[in-house]
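*Asks:* Input my_file-v8.cif, format and content: mmCIF, C-alpha atoms.
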```
data_upload
#
loop_
_atom_site.group_PDB
_atom_site.id
_atom_site.type_symbol
_atom_site.label_atom_id
_atom_site.label_comp_id
_atom_site.auth_asym_id
_atom_site.auth_seq_id
_atom_site.Cartn_x
_atom_site.Cartn_y
_atom_site.Cartn_z
ATOM 1 C CA MET A 1 93.563 71.324 98.238
ATOM 2 C CA GLU A 2 94.475 73.699 95.395
ATOM 3 C CA ILE A 3 98.039 74.938 95.105
ATOM 4 C CA ILE A 4 98.697 78.196 93.245
ATOM 5 C CA THR A 5 102.376 78.680 92.414
ATOM 6 C CA ALA A 6 103.735 82.055 91.359
ATOM 7 C CA LYS A 7 105.095 82.012 87.810
ATOM 8 C CA THR A 8 107.981 84.220 88.907
ATOM 9 C CA ALA A 9 108.968 81.968 91.850
ATOM 10 C CA GLY A 10 112.605 80.900 92.000
ATOM 11 C CA PHE A 11 115.933 81.852 90.479
ATOM 12 C CA CYS A 12 115.999 85.139 88.619
ATOM 13 C CA TYR A 13 118.314 85.553 85.616
ATOM 14 C CA GLY A 14 121.212 87.013 87.630
ATOM 15 C CA VAL A 15 121.161 84.274 90.277
ATOM 16 C CA LYS A 16 120.715 81.443 87.752
ATOM 17 C CA ARG A 17 123.669 82.768 85.770
ATOM 18 C CA ALA A 18 125.874 83.053 88.865
ATOM 19 C CA VAL A 19 125.061 79.578 90.225
ATOM 20 C CA GLU A 20 125.317 77.656 86.957
ATOM 21 C CA ASN A 21 128.484 79.403 85.810
ATOM 22 C CA SER A 22 130.158 78.944 89.206
ATOM 23 C CA ILE A 23 129.627 75.180 89.001
ATOM 24 C CA GLU A 24 131.043 75.189 85.465
ATOM 25 C CA GLN A 25 134.123 77.067 86.682
ATOM 26 C CA VAL A 26 134.862 74.343 89.248
ATOM 27 C CA LYS A 27 134.449 71.602 86.650
ATOM 28 C CA LYS A 28 136.791 73.356 84.199
ATOM 29 C CA ASN A 29 139.456 74.323 86.742
ATOM 30 C CA LYS A 30 139.957 71.226 88.881
ATOM 31 C CA GLU A 31 143.594 72.094 89.578
ATOM 32 C CA GLN A 32 142.771 75.539 90.941
ATOM 33 C CA SER A 33 141.171 76.699 94.170
ATOM 34 C CA ILE A 34 137.906 78.518 93.514
ATOM 35 C CA TYR A 35 136.813 80.977 96.187
ATOM 36 C CA CYS A 36 133.695 83.114 96.513
ATOM 37 C CA LEU A 37 133.701 86.358 98.488
ATOM 38 C CA GLY A 38 130.595 86.162 100.668
ATOM 39 C CA GLU A 39 127.572 84.010 99.903
ATOM 40 C CA LEU A 40 126.997 83.748 96.159
ATOM 41 C CA VAL A 41 123.272 84.032 96.894
ATOM 42 C CA HIS A 42 121.327 84.183 100.157
ATOM 43 C CA ASN A 43 120.114 80.595 100.270
ATOM 44 C CA LYS A 44 121.536 77.951 102.600
ATOM 45 C CA LYS A 45 120.653 74.971 100.393
ATOM 46 C CA VAL A 46 122.220 76.550 97.316
ATOM 47 C CA ILE A 47 125.394 77.390 99.258
ATOM 48 C CA GLU A 48 125.648 73.808 100.540
ATOM 49 C CA LYS A 49 125.318 72.523 96.974
ATOM 50 C CA LEU A 50 128.080 74.844 95.759
ATOM 51 C CA GLU A 51 130.351 73.794 98.645
ATOM 52 C CA LYS A 52 129.907 70.160 97.622
ATOM 53 C CA HIS A 53 131.111 71.114 94.155
ATOM 54 C CA GLY A 54 134.274 72.516 95.759
ATOM 55 C CA ILE A 55 133.697 76.258 96.021
ATOM 56 C CA LYS A 56 135.254 77.788 99.146
ATOM 57 C CA PHE A 57 133.336 80.659 100.711
ATOM 58 C CA ILE A 58 135.303 83.406 102.461
ATOM 59 C CA ASN A 59 134.398 86.715 104.089
ATOM 60 C CA ASN A 60 137.622 88.592 103.341
ATOM 61 C CA ILE A 61 139.897 88.530 100.306
ATOM 62 C CA ASN A 62 142.902 88.271 102.635
ATOM 63 C CA GLU A 63 141.799 84.744 103.522
ATOM 64 C CA ILE A 64 143.157 83.628 100.142
ATOM 65 C CA LYS A 65 146.682 82.377 100.819
ATOM 66 C CA ASP A 66 147.375 79.992 97.951
ATOM 67 C CA GLU A 67 148.615 81.089 94.553
ATOM 68 C CA ASN A 68 146.936 80.129 91.279
ATOM 69 C CA SER A 69 143.451 80.665 92.715
ATOM 70 C CA LYS A 70 140.310 82.299 91.368
ATOM 71 C CA LEU A 71 137.777 84.476 93.168
ATOM 72 C CA ILE A 72 134.096 84.510 92.243
ATOM 73 C CA ILE A 73 132.254 87.794 92.696
ATOM 74 C CA ARG A 74 128.744 87.126 93.976
ATOM 75 C CA ALA A 75 125.533 88.213 92.280
ATOM 76 C CA HIS A 76 125.164 91.075 94.811
ATOM 77 C CA GLY A 77 128.466 92.633 93.754
ATOM 78 C CA ILE A 78 131.359 93.845 95.901
ATOM 79 C CA GLU A 79 133.009 97.029 97.093
ATOM 80 C CA LYS A 80 134.955 98.950 94.479
ATOM 81 C CA ASN A 81 138.335 98.564 96.230
ATOM 82 C CA ILE A 82 138.198 94.739 96.074
ATOM 83 C CA TYR A 83 138.929 94.905 92.343
ATOM 84 C CA LYS A 84 142.154 96.828 93.038
ATOM 85 C CA ILE A 85 143.231 94.483 95.832
ATOM 86 C CA ALA A 86 142.687 91.439 93.609
ATOM 87 C CA LYS A 87 144.652 93.004 90.747
ATOM 88 C CA ASN A 88 147.573 93.936 93.038
ATOM 89 C CA ARG A 89 147.702 90.393 94.427
ATOM 90 C CA GLY A 90 147.352 88.709 91.055
ATOM 91 C CA ILE A 91 144.060 87.032 91.975
ATOM 92 C CA GLU A 92 141.924 86.243 88.935
ATOM 93 C CA LEU A 93 138.365 87.498 89.331
ATOM 94 C CA ILE A 94 135.314 85.739 87.917
ATOM 95 C CA ASP A 95 132.696 88.461 88.046
ATOM 96 C CA TYR A 96 129.106 87.211 88.332
ATOM 97 C CA THR A 97 127.688 90.456 89.649
ATOM 98 C CA CYS A 98 124.102 90.740 88.416
ATOM 99 C CA PRO A 99 123.965 93.000 85.317
ATOM 100 C CA ASN A 100 121.216 95.039 87.014
ATOM 101 C CA VAL A 101 123.530 95.734 89.962
ATOM 102 C CA LEU A 102 126.402 96.705 87.647
ATOM 103 C CA LYS A 103 124.027 99.138 85.929
ATOM 104 C CA ILE A 104 123.372 100.849 89.279
ATOM 105 C CA HIS A 105 127.122 101.125 89.915
ATOM 106 C CA THR A 106 127.517 102.838 86.534
ATOM 107 C CA ILE A 107 124.655 105.248 87.263
ATOM 108 C CA ALA A 108 126.091 106.113 90.690
ATOM 109 C CA GLU A 109 129.572 106.741 89.263
ATOM 110 C CA ASP A 110 128.186 108.888 86.443
ATOM 111 C CA TYR A 111 126.052 111.109 88.690
ATOM 112 C CA LYS A 112 128.767 111.348 91.336
ATOM 113 C CA LYS A 113 131.119 112.781 88.678
ATOM 114 C CA GLN A 114 128.410 115.283 87.707
ATOM 115 C CA GLY A 115 128.333 116.562 91.295
ATOM 116 C CA TYR A 116 125.060 115.014 92.430
ATOM 117 C CA TYR A 117 124.252 114.079 96.016
ATOM 118 C CA ILE A 118 122.954 110.485 96.034
ATOM 119 C CA PHE A 119 120.123 108.892 98.029
ATOM 120 C CA LEU A 120 119.994 105.094 97.943
ATOM 121 C CA THR A 121 116.979 103.167 99.226
ATOM 122 C CA GLY A 122 117.987 99.758 100.529
ATOM 123 C CA THR A 123 118.619 97.507 103.495
ATOM 124 C CA GLU A 124 121.443 98.575 105.822
ATOM 125 C CA GLY A 125 124.265 96.017 105.776
ATOM 126 C CA HIS A 126 123.009 94.153 102.699
ATOM 127 C CA PRO A 127 125.915 93.073 100.414
ATOM 128 C CA GLU A 128 124.453 94.840 97.383
ATOM 129 C CA VAL A 129 124.048 98.066 99.348
ATOM 130 C CA ILE A 130 127.623 97.834 100.677
ATOM 131 C CA GLY A 131 128.916 97.446 97.133
ATOM 132 C CA THR A 132 126.779 100.251 95.684
ATOM 133 C CA LYS A 133 127.724 102.669 98.480
ATOM 134 C CA SER A 134 131.364 102.417 97.397
ATOM 135 C CA HIS A 135 130.413 103.929 94.015
ATOM 136 C CA CYS A 136 128.450 106.860 95.450
ATOM 137 C CA GLY A 137 131.251 108.913 96.974
ATOM 138 C CA GLU A 138 131.083 111.096 100.091
ATOM 139 C CA ASN A 139 127.892 112.953 99.165
ATOM 140 C CA PHE A 140 125.601 110.054 99.909
ATOM 141 C CA SER A 141 122.814 108.939 102.278
ATOM 142 C CA LEU A 142 121.179 105.543 102.712
ATOM 143 C CA ILE A 143 117.428 105.413 103.317
ATOM 144 C CA SER A 144 116.447 102.070 104.821
ATOM 145 C CA LEU A 145 113.403 103.092 106.842
ATOM 146 C CA GLU A 146 110.936 105.982 106.815
ATOM 147 C CA LYS A 147 112.705 107.564 109.784
ATOM 148 C CA ASP A 148 115.881 107.906 107.677
ATOM 149 C CA ILE A 149 114.264 110.380 105.254
ATOM 150 C CA GLU A 150 114.511 113.502 107.442
ATOM 151 C CA LYS A 151 118.142 112.764 108.350
ATOM 152 C CA ALA A 152 119.027 112.189 104.697
ATOM 153 C CA ILE A 153 117.440 115.512 103.687
ATOM 154 C CA LYS A 154 119.313 117.383 106.441
ATOM 155 C CA ASN A 155 122.632 115.837 105.345
ATOM 156 C CA PHE A 156 121.884 116.805 101.747
ATOM 157 C CA GLU A 157 120.938 120.398 102.639
ATOM 158 C CA LYS A 158 124.131 120.873 104.674
ATOM 159 C CA THR A 159 126.212 120.402 101.518
ATOM 160 C CA ASN A 160 124.474 123.227 99.588
ATOM 161 C CA ILE A 161 124.458 120.941 96.532
ATOM 162 C CA ASN A 162 121.439 121.587 94.298
ATOM 163 C CA LYS A 163 121.498 118.281 92.388
ATOM 164 C CA LEU A 164 120.050 115.094 93.868
ATOM 165 C CA LEU A 165 119.765 111.513 92.568
ATOM 166 C CA LEU A 166 117.490 108.829 94.014
ATOM 167 C CA ILE A 167 118.315 105.184 93.203
ATOM 168 C CA SER A 168 117.447 101.871 94.838
ATOM 169 C CA GLN A 169 118.757 98.453 95.769
ATOM 170 C CA THR A 170 117.500 96.063 93.072
ATOM 171 C CA THR A 171 115.474 93.967 95.528
ATOM 172 C CA TYR A 172 113.961 96.775 97.596
ATOM 173 C CA SER A 173 110.206 96.920 98.168
ATOM 174 C CA MET A 174 108.384 98.722 95.348
ATOM 175 C CA LYS A 175 105.814 99.982 97.835
ATOM 176 C CA LYS A 176 108.485 101.441 100.136
ATOM 177 C CA PHE A 177 110.379 102.986 97.231
ATOM 178 C CA ASP A 178 107.227 104.781 96.067
ATOM 179 C CA GLU A 179 106.553 106.003 99.611
ATOM 180 C CA VAL A 180 110.095 107.390 99.889
ATOM 181 C CA ARG A 181 109.871 108.994 96.437
ATOM 182 C CA LYS A 182 106.579 110.756 97.255
ATOM 183 C CA LYS A 183 107.856 112.100 100.586
ATOM 184 C CA LEU A 184 111.051 113.370 98.994
ATOM 185 C CA GLU A 185 109.112 115.083 96.210
ATOM 186 C CA GLU A 186 107.054 116.845 98.900
ATOM 187 C CA LYS A 187 110.027 117.902 101.011
ATOM 188 C CA ILE A 188 112.833 118.640 98.548
ATOM 189 C CA SER A 189 113.041 122.249 97.371
ATOM 190 C CA LYS A 190 111.729 122.878 93.849
ATOM 191 C CA ASN A 191 115.043 124.621 93.118
ATOM 192 C CA VAL A 192 116.846 121.278 93.380
ATOM 193 C CA ASN A 193 117.454 119.270 90.212
ATOM 194 C CA PHE A 194 115.940 116.041 91.543
ATOM 195 C CA VAL A 195 116.497 112.966 89.357
ATOM 196 C CA ILE A 196 114.647 109.735 90.203
ATOM 197 C CA LYS A 197 115.757 106.403 88.780
ATOM 198 C CA ASN A 198 113.778 103.346 89.817
ATOM 199 C CA THR A 199 116.562 100.736 89.735
ATOM 200 C CA ILE A 200 114.505 97.941 91.299
ATOM 201 C CA CYS A 201 114.871 95.089 88.812
ATOM 202 C CA LEU A 202 111.927 93.925 86.716
ATOM 203 C CA ALA A 203 112.047 90.407 88.177
ATOM 204 C CA THR A 204 111.659 91.837 91.695
ATOM 205 C CA GLU A 205 108.752 94.058 90.598
ATOM 206 C CA GLN A 206 106.937 91.161 88.965
ATOM 207 C CA ASN A 207 107.609 88.834 91.878
ATOM 208 C CA GLN A 208 106.230 91.338 94.394
ATOM 209 C CA LYS A 209 103.129 92.069 92.306
ATOM 210 C CA GLU A 210 102.403 88.367 91.905
ATOM 211 C CA ALA A 211 102.906 87.722 95.630
ATOM 212 C CA LYS A 212 100.338 90.410 96.428
ATOM 213 C CA GLU A 213 97.839 89.057 93.893
ATOM 214 C CA ILE A 214 98.109 85.385 94.852
ATOM 215 C CA SER A 215 98.145 85.900 98.617
ATOM 216 C CA SER A 216 94.904 87.886 98.396
ATOM 217 C CA LYS A 217 93.114 84.815 96.980
ATOM 218 C CA VAL A 218 94.287 81.996 99.245
ATOM 219 C CA ASP A 219 93.755 80.610 102.744
ATOM 220 C CA MET A 220 97.469 80.177 103.325
ATOM 221 C CA SER A 221 100.624 81.615 101.759
ATOM 222 C CA ILE A 222 103.997 79.875 101.836
ATOM 223 C CA VAL A 223 107.077 81.910 100.956
ATOM 224 C CA ILE A 224 110.151 79.781 100.229
ATOM 225 C CA GLY A 225 113.688 81.109 100.514
ATOM 226 C CA GLY A 226 116.634 82.012 102.686
ATOM 227 C CA LYS A 227 115.643 83.847 105.843
ATOM 228 C CA ASN A 228 118.638 86.145 105.326
ATOM 229 C CA SER A 229 117.508 86.957 101.773
ATOM 230 C CA SER A 230 116.306 90.552 101.304
ATOM 231 C CA ASN A 231 113.972 89.859 98.386
ATOM 232 C CA THR A 232 112.466 86.811 100.132
ATOM 233 C CA ARG A 233 111.757 88.854 103.275
ATOM 234 C CA LYS A 234 110.043 91.503 101.110
ATOM 235 C CA LEU A 235 107.812 88.818 99.547
ATOM 236 C CA TYR A 236 106.920 87.565 103.013
ATOM 237 C CA GLU A 237 105.977 91.071 104.172
ATOM 238 C CA ILE A 238 103.816 91.640 101.075
ATOM 239 C CA ALA A 239 102.084 88.260 101.358
ATOM 240 C CA LYS A 240 101.489 88.766 105.092
ATOM 241 C CA GLU A 241 99.622 92.016 104.414
ATOM 242 C CA GLU A 242 97.177 90.176 102.153
ATOM 243 C CA CYS A 243 97.006 86.839 103.968
ATOM 244 C CA LYS A 244 97.553 86.688 107.730
ATOM 245 C CA ASN A 245 98.201 82.954 107.489
ATOM 246 C CA THR A 246 101.578 83.390 105.802
ATOM 247 C CA ILE A 247 104.797 81.547 106.674
ATOM 248 C CA LEU A 248 108.403 81.820 105.516
ATOM 249 C CA ILE A 249 110.320 78.553 105.204
ATOM 250 C CA GLU A 250 113.604 77.290 103.789
ATOM 251 C CA SER A 251 112.711 73.588 103.435
ATOM 252 C CA LYS A 252 109.833 71.113 103.730
ATOM 253 C CA ILE A 253 111.055 70.068 107.198
ATOM 254 C CA GLU A 254 109.536 73.268 108.561
ATOM 255 C CA LEU A 255 106.109 72.166 107.305
ATOM 256 C CA GLU A 256 106.028 68.804 109.049
ATOM 257 C CA GLU A 257 104.273 70.155 112.149
ATOM 258 C CA THR A 258 102.011 72.532 110.221
ATOM 259 C CA LYS A 259 98.262 71.854 110.295
ATOM 260 C CA PHE A 260 96.339 72.201 107.035
ATOM 261 C CA ASP A 261 92.802 71.813 108.421
ATOM 262 C CA ASN A 262 90.238 73.904 106.526
ATOM 263 C CA ILE A 263 92.858 75.044 104.024
ATOM 264 C CA GLU A 264 91.411 74.904 100.513
ATOM 265 C CA LYS A 265 93.865 77.128 98.642
ATOM 266 C CA ILE A 266 97.596 77.554 99.234
ATOM 267 C CA GLY A 267 99.769 80.135 97.484
ATOM 268 C CA ILE A 268 103.428 79.338 96.825
ATOM 269 C CA MET A 269 105.935 82.150 96.361
ATOM 270 C CA ALA A 270 109.731 82.019 96.362
ATOM 271 C CA GLY A 271 112.633 84.445 96.427
ATOM 272 C CA ALA A 272 115.001 85.022 93.528
ATOM 273 C CA SER A 273 117.696 82.924 95.225
ATOM 274 C CA THR A 274 115.458 79.864 95.720
ATOM 275 C CA SER A 275 116.092 76.907 93.420
ATOM 276 C CA HIS A 276 113.230 75.273 91.526
ATOM 277 C CA GLU A 277 114.349 72.027 93.153
ATOM 278 C CA SER A 278 113.421 73.447 96.578
ATOM 279 C CA ILE A 279 110.081 74.748 95.288
ATOM 280 C CA ASN A 280 109.154 71.401 93.701
ATOM 281 C CA GLU A 281 110.130 69.543 96.876
ATOM 282 C CA ILE A 282 107.598 71.565 98.887
ATOM 283 C CA ILE A 283 104.879 71.267 96.237
ATOM 284 C CA ASP A 284 105.356 67.467 96.231
ATOM 285 C CA PHE A 285 105.075 67.467 100.034
ATOM 286 C CA LEU A 286 101.827 69.452 99.918
ATOM 287 C CA ASN A 287 100.316 67.262 97.194
ATOM 288 C CA VAL A 288 100.262 64.240 99.506
ATOM 289 C CA LYS A 289 98.520 66.148 102.296
#
```
Represent the supplied structure as structure tokens.
*Replies:*
Amino acid sequence: MEIITAKTAGFCYGVKRAVENSIEQVKKNKEQSIYCLGELVHNKKVIEKLEKHGIKFINNINEIKDENSKLIIRAHGIEKNIYKIAKNRGIELIDYTCPNVLKIHTIAEDYKKQGYYIFLTGTEGHPEVIGTKSHCGENFSLISLEKDIEKAIKNFEKTNINKLLLISQTTYSMKKFDEVRKKLEEKISKNVNFVIKNTICLATEQNQKEAKEISSKVDMSIVIGGKNSSNTRKLYEIAKEECKNTILIESKIELEETKFDNIEKIGIMAGASTSHESINEIIDFLNVK
């Protein structure tokens, strides 16, 4: 059985930086409580590892009661007002927001000040989207699904603003972003100054392209990563289009009941929040089949 592993599988730069530096923070500051607001990354195994190192995960900054504590900002970023709350309470922030996400925040702030209405493509409720929304101001619409396009255009037209910016969540589907862009170009008046900035990160683009290519050549595709991870779900959807025999798993335990009869080629893909340790564990499992 041949195993084809995507070269882009596993931690991207932003996630690797956040995970490794968070562990270093705990080692250096043993006398301080280290908190993280929300999951650092969307991967259960990674979160469990970080908890073992002593990082405490919270959902609200008000859960921090002890003085002399530090708060890690996750790779997805946070809402703008959290920075003010932390400063007012004297909580030291360790900001591991992905540089690509911070770039989007800067773009949104800049265009908001210039009077642009902002469309953001992304997944409703995703931490990165929640954080980015806080930088877009009132003149803003989120486009998660195709059905959101008409509503977004109506909201934009009601404002009588003639300047529009389109940006995206870093891990959004390239295919969906292009579909939204084309439909907006068809429907938005030519009198509108329409600026398009593809803010999907390069690692996501490459990962999605490789998932499509590999899954078209194999008998079975395995996507490894957190089931609550946006970029992992996108990889699964892409692989599924090319290879009907595609599964999404978090660990090798989920493969124990899987049958590999008549499978000659298996493609391995993994989300940006999946550790290489998890990927290698599954490859080792498959190699003895």
*Asks:* CA of Lys45 (chain A) and CA of Ser275 (chain A), how far apart in Å?
*Replies:*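 Computing it gives 8.6 Å between the two atoms.
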*Asks:* Once the PyMOL selection byres ((chain A and resi 2) around 9) has been evaluated on this model, what residues remain selected, and can you format them as a PyMOL selection string?
*Replies:* chain A and resi 1+3-4+263-267+287
*Asks:* Residues at most 12 Å from region 48-57 of chain A, counting all atoms listed in the file, excluding those fewer than 6 positions away in the same chain, as a PyMOL selection string?
*Replies:* chain A and resi 18-42+63-64+69-74+275+277-278
*Asks:* Could you work out how far CA of Lys44 (chain A) lies from CA of Tyr83 (chain A), giving the answer in Å with one decimal?
*Replies:*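 Separation of CA of Tyr83 (chain A) and CA of Lys44 (chain A): 26.4 Å.
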*Asks:* For region 104-178 of chain A against region 233-237 of chain A, with a cut-off of 12 Å and counting all atoms listed in the file, what is the closest atom pair and its distance in Å to one decimal for every residue that makes the cut, ordered by chain and number, as a tab-separated table?
*Replies:*
```
residue	atom	partner	partner_atom	distance
A:Gly122	CA	A:Lys234	CA	11.5
A:Thr123	CA	A:Lys234	CA	10.7
A:Thr170	CA	A:Lys234	CA	11.9
A:Thr171	CA	A:Lys234	CA	8.2
A:Tyr172	CA	A:Lys234	CA	7.4
A:Ser173	CA	A:Lys234	CA	6.2
A:Met174	CA	A:Lys234	CA	9.4
A:Lys175	CA	A:Lys234	CA	10.0
A:Lys176	CA	A:Lys234	CA	10.1
```
*Asks:* CA of Ala211 (chain A) and CA of Asn198 (chain A), how far apart in Å?
*Replies:* 19.9 Å
*Asks:* Between A:Val46, A:Leu165, A:Cys98, A:Leu93, which residue has the minimum interatomic distance to Gly115 (chain A), considering only C-alpha atoms?
*Replies:*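 Using only C-alpha atoms, the shortest distance to Gly115 (chain A) belongs to A:Leu165.
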*Asks:* May I ask which of the residues A:Leu202, A:Leu120, A:Ile47, A:Ala152 is the closest one to Gly226 (chain A), counting all atoms listed in the file?
*Replies:*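 Ranked by minimum distance to Gly226 (chain A), first place goes to A:Ile47.
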*Asks:* Taking all atoms of region 234-250 of chain A that the file lists and extending 3 Å past them on each side, where is the centre of the axis-aligned box and how long are its edges? Answer in Å to one decimal, as AutoDock Vina command-line options.
*Replies:*
```
--center_x 105.3 --center_y 84.7 --center_z 103.6 --size_x 22.6 --size_y 20.7 --size_z 14.2
```
*Asks:* Can you list, as an mmCIF file with C-alpha atoms, in the frame of the given file, the residues that the PyMOL selection byres ((chain A and resi 157) around 12) selects here?
*Replies:*
```cif
data_model
loop_
_atom_site.group_PDB
_atom_site.id
_atom_site.type_symbol
_atom_site.label_atom_id
_atom_site.label_comp_id
_atom_site.auth_asym_id
_atom_site.auth_seq_id
_atom_site.Cartn_x
_atom_site.Cartn_y
_atom_site.Cartn_z
ATOM 1 C CA TYR A 117 124.252 114.079 96.016
ATOM 2 C CA ASN A 139 127.892 112.953 99.165
ATOM 3 C CA PHE A 140 125.601 110.054 99.909
ATOM 4 C CA SER A 141 122.814 108.939 102.278
ATOM 5 C CA GLU A 150 114.511 113.502 107.442
ATOM 6 C CA LYS A 151 118.142 112.764 108.350
ATOM 7 C CA ALA A 152 119.027 112.189 104.697
ATOM 8 C CA ILE A 153 117.440 115.512 103.687
ATOM 9 C CA LYS A 154 119.313 117.383 106.441
ATOM 10 C CA ASN A 155 122.632 115.837 105.345
ATOM 11 C CA PHE A 156 121.884 116.805 101.747
ATOM 12 C CA LYS A 158 124.131 120.873 104.674
ATOM 13 C CA THR A 159 126.212 120.402 101.518
ATOM 14 C CA ASN A 160 124.474 123.227 99.588
ATOM 15 C CA ILE A 161 124.458 120.941 96.532
ATOM 16 C CA ASN A 162 121.439 121.587 94.298
ATOM 17 C CA LYS A 163 121.498 118.281 92.388
ATOM 18 C CA LEU A 164 120.050 115.094 93.868
ATOM 19 C CA LYS A 187 110.027 117.902 101.011
ATOM 20 C CA ILE A 188 112.833 118.640 98.548
ATOM 21 C CA SER A 189 113.041 122.249 97.371
ATOM 22 C CA ASN A 191 115.043 124.621 93.118
ATOM 23 C CA VAL A 192 116.846 121.278 93.380
#
```
*Asks:* Name the closest residue to Ile282 (chain A) among the candidates A:Ile222, A:Ile247, A:Ile238, A:Val15; distances are taken between atoms, counting all atoms listed in the file.
*Replies:* A:Ile222
*Asks:* Would you write out, as a PDB file with C-alpha atoms, in the coordinates of the input, every residue that the PyMOL selection byres ((chain A and resi 281) around 12) captures in this file?
*Replies:*
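Writing done, so here's out.pdb:
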```pdb
ATOM      1  CA  ILE A 224     110.151  79.781 100.229  1.00  0.00           C
ATOM      2  CA  GLU A 250     113.604  77.290 103.789  1.00  0.00           C
ATOM      3  CA  SER A 251     112.711  73.588 103.435  1.00  0.00           C
ATOM      4  CA  LYS A 252     109.833  71.113 103.730  1.00  0.00           C
ATOM      5  CA  ILE A 253     111.055  70.068 107.198  1.00  0.00           C
ATOM      6  CA  LEU A 255     106.109  72.166 107.305  1.00  0.00           C
ATOM      7  CA  ILE A 268     103.428  79.338  96.825  1.00  0.00           C
ATOM      8  CA  THR A 274     115.458  79.864  95.720  1.00  0.00           C
ATOM      9  CA  SER A 275     116.092  76.907  93.420  1.00  0.00           C
ATOM     10  CA  HIS A 276     113.230  75.273  91.526  1.00  0.00           C
ATOM     11  CA  GLU A 277     114.349  72.027  93.153  1.00  0.00           C
ATOM     12  CA  SER A 278     113.421  73.447  96.578  1.00  0.00           C
ATOM     13  CA  ILE A 279     110.081  74.748  95.288  1.00  0.00           C
ATOM     14  CA  ASN A 280     109.154  71.401  93.701  1.00  0.00           C
ATOM     15  CA  ILE A 282     107.598  71.565  98.887  1.00  0.00           C
ATOM     16  CA  ILE A 283     104.879  71.267  96.237  1.00  0.00           C
ATOM     17  CA  ASP A 284     105.356  67.467  96.231  1.00  0.00           C
ATOM     18  CA  PHE A 285     105.075  67.467 100.034  1.00  0.00           C
ATOM     19  CA  LEU A 286     101.827  69.452  99.918  1.00  0.00           C
ATOM     20  CA  ASN A 287     100.316  67.262  97.194  1.00  0.00           C
ATOM     21  CA  VAL A 288     100.262  64.240  99.506  1.00  0.00           C
TER      22      VAL A 288
END
```
*Asks:* Within 10 Å of Asn62 (chain A), counting only C-alpha atoms, which residues qualify if same-chain residues fewer than 5 places away don't, as a PyMOL selection string?
*Replies:* chain A and resi 85-86+89
*Asks:* Within 12 Å of region 126-130 of chain A, which residues of region 209-269 of chain A show up? Give each one with its shortest atom-to-atom distance in Å (one decimal) and the two atoms involved, counting all atoms listed in the file, rows by chain then rising residue number, as a Markdown table.
*Replies:*
```
| residue | atom | partner | partner_atom | distance |
| --- | --- | --- | --- | --- |
| A:Asn228 | CA | A:His126 | CA | 9.5 |
| A:Ser229 | CA | A:His126 | CA | 9.1 |
| A:Ser230 | CA | A:His126 | CA | 7.7 |
| A:Asn231 | CA | A:His126 | CA | 10.9 |
```
